[in-house]
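Step one of this worksheet: look at the structure below.
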Amino acid sequence: MGQVNGAASKPRTIIEKVWDSHIVAQREGAPTLIYIDLHLVHEVTSPQAFAGLRERGLKARRPDLTLGTCDHSIPTYDRTLPIIDKIAETQLLQFEKNCRDFGIPFFGPRSSKQGIVHVIGPEQGLTQPGMTVVCGDSHTATHGAFGALAFGIGTSQVEHVLATQCLLQNPSKTFEVRVEGTLKKGVGAKDIILNLISRIGIGGGTGCVFEYRGSTIRSLSMEERMTVCNMSIEGGARAGLVAPDDTTYNYVAGRPAAPNGNEWDRALSLWRKLPTDDGATYDKSIYIDANALEPMITFGTNPGMGIPITAPVPDPSKIGDPLERETLAKALRYMDLPSGKPLLGHPVNVVFIGSCTNSRISDLRAAAEILKGRKVNPKVRVMVVPGSQQVKEQAQAEGLDRVFTDAGAEWREAGCSMCIAMNGDQLAPGQYSVSTSNRNFEGRQGKGGRTFLASPLTAAASALTGVVTDVRTLNS
Amino acid sequence: MEKFTKFTSRLAPLPIDNIDTDQIIPARFLKTVSKAGLDQNLFCDWRYDAEGNPKPDFILNQPEGRAAQVLLAGDNFGCGSSREHAPWALTQYGFRAVISTSYADIFRGNSLKNSLLPIVVSPDAHKQLFAAIEKDPAATVTVDLAAQTLTLPDGSSVKFPVDEFSKHCMLEGVDELGYILQQEPAIAAYEAARVLTVDTRVVG
Ligand code: SF4
C-alpha cells in the first residue's frame with residue numbers, strides 16, 4: 001500500500017483510508033486510477049485476458065504481485081489420475097502455460113499449496129491489512145477480513161491489472177454493518193451474513209462497500225470474518241471488510257509471505273492507523289442484534305431468500321408488487337416447495353461442505369464435531385472438500401479425514417467443486433442439497449439442482465438425519 | 001470495439017427480478033479459453049429443455065424475441081458471478097442494450113467495456129415498457145447514447161444516466177486499457193513511493 005496519511009483533518013472510515021492511499025491518478029472526466037497490491041488469477045476468468053496481452057504484445061507488469069492457482073474447473077478426485085474432462089484439461093494446461101509465459105508464480109494441480117483462490121491468499125500470508133486485492137472472481141471480498149479493500153473484477157479488468165497493475169474505479173459508498181451481542185450456541189458467522197442478506201436483499205449493497213464492525217465481529221476469528229466478508233457480493237456489495245486488530249495481526253504473523261523483522265514492525269505501525277476514525281460517517285448503516293440470531297437457511301433461488309431455520313417459507317400471495325411476487329413464485333416452483341411451512345424435515349440428497357465460504361480448518365472441525373462417532377444417513381451423499389491442500393493436510397494431521405470417512409462422507413481434494421459444479425461434482429436434476437457454499441441460483445450446483453445454503457453445523461446435522469435439521473435439536 | 005451508434009429495436013422482455021449471471025451463461029460453459037460461441041448457450045437452461053430442444057414459451061425462441069437488440073429485464077439484472085462471459089454471450093447473440101431499474105455493479109462495469117449499454121429507467125418507465133410490449137410485441141424503442149435518451153413506444157422519451165468516461169469510450173469505440181497505458185509516468189511514480197509490498201515469488 002501507499003502512504004496512509006495519519007494527519008487528515010476529516011475523520012475517515014477504513015474504506016476511505018485504503019482508497020485514498022491507492023490513488024495513482026485522478027483526471028477530469030475519468031474514473032480514479034488506483035493501484036492494486038495483489039492480483040490473484042485462476043483458470044476460468046483469465047484465458048481471454050492473457051490472449052488480449054498477447055494480441056497487444058504486452059507483458060505482465062508485476063508478476064511479483066500476481067499469483068495463479070487452479071480451483072474452479074479442477075477435479076477433486078485423486079490428482080495423480082488423468083483429467084477425464086478434456087475441455088477442462090485444456091483450460092488448465094492453457095492456464096499453466098499462461099502463467100509460465102508471463103512469469104507469474106502459480107500453484108499447479110499437483111502443488112501442495114493449491115487451493116481455492118480465496119483460501120490460499122490468506123493462508124500464504126499474501127493478504128494483508130490496508131491492501132487492494134483483486135481477482136476475476138466476485139468472492140474476492142473474502143480478503144476484506146484482513147482490512148483490505150478486495151473486490152471481484154471482470155476479464156477485461158484482469159487484463160488491465162496484468163498490464164498496468166492499475167484499475168479505473170469510481171469510489172464506492174460506505175455501508176456500516178454493525179453487529180452487537182453474543183451469538184447463541186449453534187449460530188455462527190454464516191448465519192450473520194445470511195441474515196444480513198435476507199434483510200437488505202441481494203441488491204441492497206449495490207454501489208457500496210460494507211464495513212462489518214461491532215462487538216460480535218470483533219469476537220470472530222479470522223476464518224469466521226472471512227466467511228462473513230466472503231458473501232458481501234451476495235448482498236450486492238463489491239467488497240466488505242473488517243478493520244484489522246490483534247486477531248488479524250496474530251493470524252498474519254509468521255506466514256510465508258508476511259513481513260518479518262523490522263519490516264513487521266513497520267507494517268504493524270501502518271496497519272494500526274487503518275481502523276475507522278472516531279466521528280467518521282457512513283452513507284448507509286444497518287444494525288444486527290446478534291443475541292436474536294437463529295441458524296439461517298435459504299429456501300429459494302437467490303441468497304437473499306433466507307429464513308431462520310424454524311421459520312416458514314414465505315407465501316407469494318402475500319406480496320403486493322407483481323414482479324416481486326412472480327420472482328418468489330418462480331423460485332418456489334423451481335425449488336418445488338410449498339410456502340407457509342418451515343424447511344425442517346425436508347429430505348436432502350446431497351450435503352456439500354466446502355467452498356471459499358466454509359472450507360477452512362475451523363469449518364471442517366465444526367462439521368467433524370457433529371459427525372464424530374456417528375454415521376451419515378445412507379440415502380445422502382456427503383462431500384467434504386477442503387479449501388486447499390494445506391487445509392487438507394492439517395485436517396488429516398488432526399484425524400478429521402477419518403472422522404468424515406468413518407461417518408460415510410467423501411473426503412476429496414481441494415477445489416471449488418460443487419459450489420460451481422464445473423468439474424463434474426454436481427447435483428442431478430431435481431436433487432436437493434444442503435450446502436455450505438454461497439450461491440443457490442438455479443442450476444448453480446448442477447442443472448436442475450436445488451440448493452439450501454446453510455452453515456457447516458446445519459449441513460453436518462442434516463447429513464446425519466437425511467433431512468433439513470436444526471443442529472440444536474440433535475441428541476448429543 | 002465498434003462505435004456505439006443510435007438505433008431502434010424491438011424488445012425481448014424477461015419480467016424477472018435478480019437475473020443472475022449463472023442464468024445468463026451457466027458455469028459449465030466457462031471452461032472455454034476463448035470468447036467464441038457463448039451466444040449458443042445464452043440463457044441455456046431457460047431456453048432449452050432437458051433434451052436440448054428450444055422451449056417454445058421462452059422469449060428468445062419466439063420471433064419477437066429473436067429480432068430484438070434490447071433486453072427488457074427485472075430489477076438488479078446481472079447479479080452474482082463476475083463472469084464477463086455474460087456480456088460476451090449477450091452481445092454475440094445480438095443484444096446492444098439492456099433496460100432495467102438497476103444492475104449489479106460488476107455486470108454493469110463489464111457490459112460498458114463490451115459495448116453493451118445497461119440502461120437504467122425509473123420504475124414507472126419500466127412498468128410502462130412492460131405494458132407496451134404486452135399490448136404490442138412488435139413495439140420498439142430508440143436508444144441514443146450521445147443524447148442519453150431512450151424513446152419509448154409511445155414516442156415519449158426518458159433520460160438515462162451513464163458516466164462520462166464510459167460514454168466516451170463507447171461512442172468512440174476505444175477501450176480503457178489504452179487510456180491506462182498512457183498514464184505510465186503516474187504509475188511508475190506511485191510504485192516508487194509504495195511503502196509496503198508483498199512478493200508472490202516467495203510462495204509460488
Ligand atoms: S468456491 Fe465457489 S464461490 Fe468460491 S471461488 Fe470457487 S466457485 Fe467461486
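Ordering of the C-alpha cells sets the chain letters (A, B, ...); residue numbers start at 1 within each chain; ligands are numbered from 1 in the order shown.
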Find the residues near ligand 1. Use a cut-off of 9 Å, count only C-alpha atoms and all ligand atoms, and write them as a ChimeraX atom specification. /A:71-73,116-119,137-140,230-231,354-359,387,415-422,437-439 /B:81
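Residues of stretch 186-313 of chain A assigned to strand (DSSP E or B) by DSSP on this structure's backbone: Cys208, Val209, Phe210, Glu211, Tyr212, Arg213, Ala239, Gly240, Leu241, Lys284, Ser285, Ile286, Tyr287, Ile288, Asp289, Met296, Ile297, Thr298, Gly306, Ile307 and Pro308 of chain A.
Closest approach to chain A from the set B:Arg194, B:Arg66, B:Lys135, B:Lys55 is made by B:Arg194, with distances taken over only C-alpha atoms.
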Determine, counting only C-alpha atoms, which protein, DNA and RNA residues have an atom within 10 Å of an atom of B:Thr101; residues of the same chain fewer than 3 positions away are not included. Present the result as a PDB file with N, CA and C atoms, in the first residue's frame.
```
ATOM      1  N   ASP B  17     -37.057 -10.436 -11.591  1.00  0.00           N
ATOM      2  CA  ASP B  17     -36.050  -9.682 -10.841  1.00  0.00           C
ATOM      3  C   ASP B  17     -34.813 -10.545 -10.605  1.00  0.00           C
ATOM      4  N   LEU B  72     -35.301  -6.390 -22.070  1.00  0.00           N
ATOM      5  CA  LEU B  72     -36.014  -5.667 -21.013  1.00  0.00           C
ATOM      6  C   LEU B  72     -36.153  -6.614 -19.821  1.00  0.00           C
ATOM      7  N   ALA B  73     -35.429  -6.322 -18.735  1.00  0.00           N
ATOM      8  CA  ALA B  73     -35.363  -7.274 -17.624  1.00  0.00           C
ATOM      9  C   ALA B  73     -35.806  -6.646 -16.310  1.00  0.00           C
ATOM     10  N   GLY B  74     -36.047  -7.505 -15.315  1.00  0.00           N
ATOM     11  CA  GLY B  74     -36.428  -7.044 -13.984  1.00  0.00           C
ATOM     12  C   GLY B  74     -35.254  -6.416 -13.244  1.00  0.00           C
ATOM     13  N   ASP B  75     -35.551  -6.015 -12.023  1.00  0.00           N
ATOM     14  CA  ASP B  75     -34.615  -5.296 -11.169  1.00  0.00           C
ATOM     15  C   ASP B  75     -33.320  -6.081 -10.906  1.00  0.00           C
ATOM     16  N   ASN B  76     -32.228  -5.369 -10.652  1.00  0.00           N
ATOM     17  CA  ASN B  76     -30.947  -5.966 -10.229  1.00  0.00           C
ATOM     18  C   ASN B  76     -30.446  -7.019 -11.215  1.00  0.00           C
ATOM     19  N   PHE B  77     -30.449  -6.652 -12.473  1.00  0.00           N
ATOM     20  CA  PHE B  77     -30.018  -7.586 -13.520  1.00  0.00           C
ATOM     21  C   PHE B  77     -28.506  -7.833 -13.421  1.00  0.00           C
ATOM     22  N   PRO B 118     -26.050  -0.726 -20.393  1.00  0.00           N
ATOM     23  CA  PRO B 118     -27.020  -1.030 -19.334  1.00  0.00           C
ATOM     24  C   PRO B 118     -27.838   0.223 -19.004  1.00  0.00           C
ATOM     25  N   ILE B 119     -29.042   0.280 -19.531  1.00  0.00           N
ATOM     26  CA  ILE B 119     -29.880   1.477 -19.365  1.00  0.00           C
ATOM     27  C   ILE B 119     -30.718   1.353 -18.096  1.00  0.00           C
ATOM     28  N   VAL B 120     -30.622   2.373 -17.244  1.00  0.00           N
ATOM     29  CA  VAL B 120     -31.433   2.406 -16.026  1.00  0.00           C
ATOM     30  C   VAL B 120     -32.622   3.326 -16.255  1.00  0.00           C
ATOM     31  N   VAL B 121     -33.817   2.798 -16.017  1.00  0.00           N
ATOM     32  CA  VAL B 121     -35.017   3.639 -16.107  1.00  0.00           C
ATOM     33  C   VAL B 121     -35.747   3.636 -14.765  1.00  0.00           C
ATOM     34  N   SER B 122     -36.649   4.585 -14.595  1.00  0.00           N
ATOM     35  CA  SER B 122     -37.430   4.675 -13.355  1.00  0.00           C
ATOM     36  C   SER B 122     -38.420   3.510 -13.314  1.00  0.00           C
ATOM     37  N   PRO B 123     -38.878   3.157 -12.098  1.00  0.00           N
ATOM     38  CA  PRO B 123     -39.885   2.093 -12.004  1.00  0.00           C
ATOM     39  C   PRO B 123     -41.119   2.380 -12.863  1.00  0.00           C
ATOM     40  N   ASP B 124     -41.481   3.647 -13.011  1.00  0.00           N
ATOM     41  CA  ASP B 124     -42.653   3.993 -13.836  1.00  0.00           C
ATOM     42  C   ASP B 124     -42.420   3.679 -15.306  1.00  0.00           C
ATOM     43  N   ALA B 125     -41.291   4.141 -15.812  1.00  0.00           N
ATOM     44  CA  ALA B 125     -40.964   3.882 -17.221  1.00  0.00           C
ATOM     45  C   ALA B 125     -40.821   2.380 -17.459  1.00  0.00           C
ATOM     46  N   HIS B 126     -40.276   1.686 -16.465  1.00  0.00           N
ATOM     47  CA  HIS B 126     -40.088   0.235 -16.523  1.00  0.00           C
ATOM     48  C   HIS B 126     -41.444  -0.462 -16.675  1.00  0.00           C
ATOM     49  N   LYS B 127     -42.397  -0.064 -15.857  1.00  0.00           N
ATOM     50  CA  LYS B 127     -43.754  -0.645 -15.915  1.00  0.00           C
ATOM     51  C   LYS B 127     -44.402  -0.338 -17.259  1.00  0.00           C
TER      52      LYS B 127
END
```
Check every residue of chain A for an atom within 7 Å of chain B, counting only C-alpha atoms, and provide those that qualify as a JSON list (two decimals) with C-alpha atoms, in the first residue's frame.
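Result file is result27.json:
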```json
[["chain", "number", "residue", "atom", "x", "y", "z"],
["A", 1, "MET", "CA", 0.00, 0.00, 0.00],
["A", 2, "GLY", "CA", 0.96, 3.67, -0.29],
["A", 3, "GLN", "CA", 1.23, 6.24, 2.46],
["A", 24, "VAL", "CA", -2.41, 6.81, -8.72],
["A", 25, "ALA", "CA", -4.06, 9.48, -10.80],
["A", 29, "GLY", "CA", -13.86, 13.27, -16.77],
["A", 30, "ALA", "CA", -12.42, 9.85, -15.93],
["A", 37, "ASP", "CA", -1.28, -4.56, -4.36],
["A", 44, "VAL", "CA", -11.60, -19.68, -15.69],
["A", 45, "THR", "CA", -11.65, -15.89, -15.93],
["A", 47, "PRO", "CA", -7.55, -17.03, -20.57],
["A", 48, "GLN", "CA", -9.11, -14.23, -22.64],
["A", 64, "ASP", "CA", 5.67, -10.42, -8.23],
["A", 65, "LEU", "CA", 2.30, -9.02, -7.16],
["A", 66, "THR", "CA", 0.37, -11.72, -9.00],
["A", 67, "LEU", "CA", -0.35, -15.32, -8.07],
["A", 87, "ILE", "CA", -12.17, -29.29, -22.15],
["A", 88, "ALA", "CA", -11.30, -28.64, -18.50],
["A", 91, "GLN", "CA", -8.17, -24.88, -19.82],
["A", 105, "PRO", "CA", 4.12, -17.67, -9.80],
["A", 106, "PHE", "CA", 1.43, -20.31, -9.69],
["A", 107, "PHE", "CA", 0.14, -23.32, -7.81],
["A", 126, "LEU", "CA", -0.25, -12.65, 0.99],
["A", 136, "GLY", "CA", -11.55, -12.21, -11.59],
["A", 137, "ASP", "CA", -13.98, -13.64, -9.11],
["A", 138, "SER", "CA", -16.79, -11.99, -7.20],
["A", 152, "GLY", "CA", -14.05, -9.02, -7.95],
["A", 153, "ILE", "CA", -13.37, -7.82, -11.47],
["A", 154, "GLY", "CA", -14.24, -8.91, -15.00],
["A", 155, "THR", "CA", -11.83, -10.40, -17.51],
["A", 160, "HIS", "CA", -5.85, -4.14, -17.27],
["A", 164, "THR", "CA", -0.63, -1.97, -15.68],
["A", 203, "GLY", "CA", -29.17, -5.73, -4.40],
["A", 206, "THR", "CA", -25.12, -2.21, -4.75],
["A", 207, "GLY", "CA", -22.58, 0.57, -5.17],
["A", 234, "GLU", "CA", -24.43, -11.70, -2.23],
["A", 236, "GLY", "CA", -24.78, -6.62, -3.78],
["A", 256, "PRO", "CA", 5.28, -17.40, 4.35],
["A", 257, "ALA", "CA", 4.63, -14.03, 2.67],
["A", 267, "ALA", "CA", 3.92, -2.79, 8.74],
["A", 323, "LEU", "CA", -42.76, -8.59, -10.28],
["A", 324, "GLU", "CA", -41.57, -9.47, -6.75],
["A", 327, "THR", "CA", -39.98, -13.79, -8.74],
["A", 420, "ILE", "CA", -19.99, -24.08, -9.04],
["A", 422, "MET", "CA", -17.88, -27.09, -13.36],
["A", 444, "ARG", "CA", -25.63, -23.39, -9.71]]
```
To one decimal place in Å, what is the distance between atom CA of A:Asn302 and atom CA of A:Glu223? 23.9 Å
With 8 Å as the cut-off and only C-alpha atoms counted, what is the closest atom pair between each nearby residue of stretch 225-329 of chain A and stretch 454-475 of chain A? Distances in Å to one decimal, ordered by chain and number, as a Markdown table.
```
| residue | atom | partner | partner_atom | distance |
| --- | --- | --- | --- | --- |
| A:Pro295 | CA | A:Asp470 | CA | 7.5 |
| A:Met296 | CA | A:Ala454 | CA | 6.2 |
| A:Ile297 | CA | A:Ala454 | CA | 4.9 |
| A:Thr298 | CA | A:Ala454 | CA | 7.0 |
| A:Ile309 | CA | A:Asp470 | CA | 6.7 |
| A:Thr310 | CA | A:Asp470 | CA | 7.8 |
```
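The gap separating atom CA of A:Leu220 from atom CA of A:Val434 is 23.9 Å, in Å to one decimal.
Counting from atom CA of B:Thr140, the distance to atom CA of B:Pro153 is 5.5 Å.
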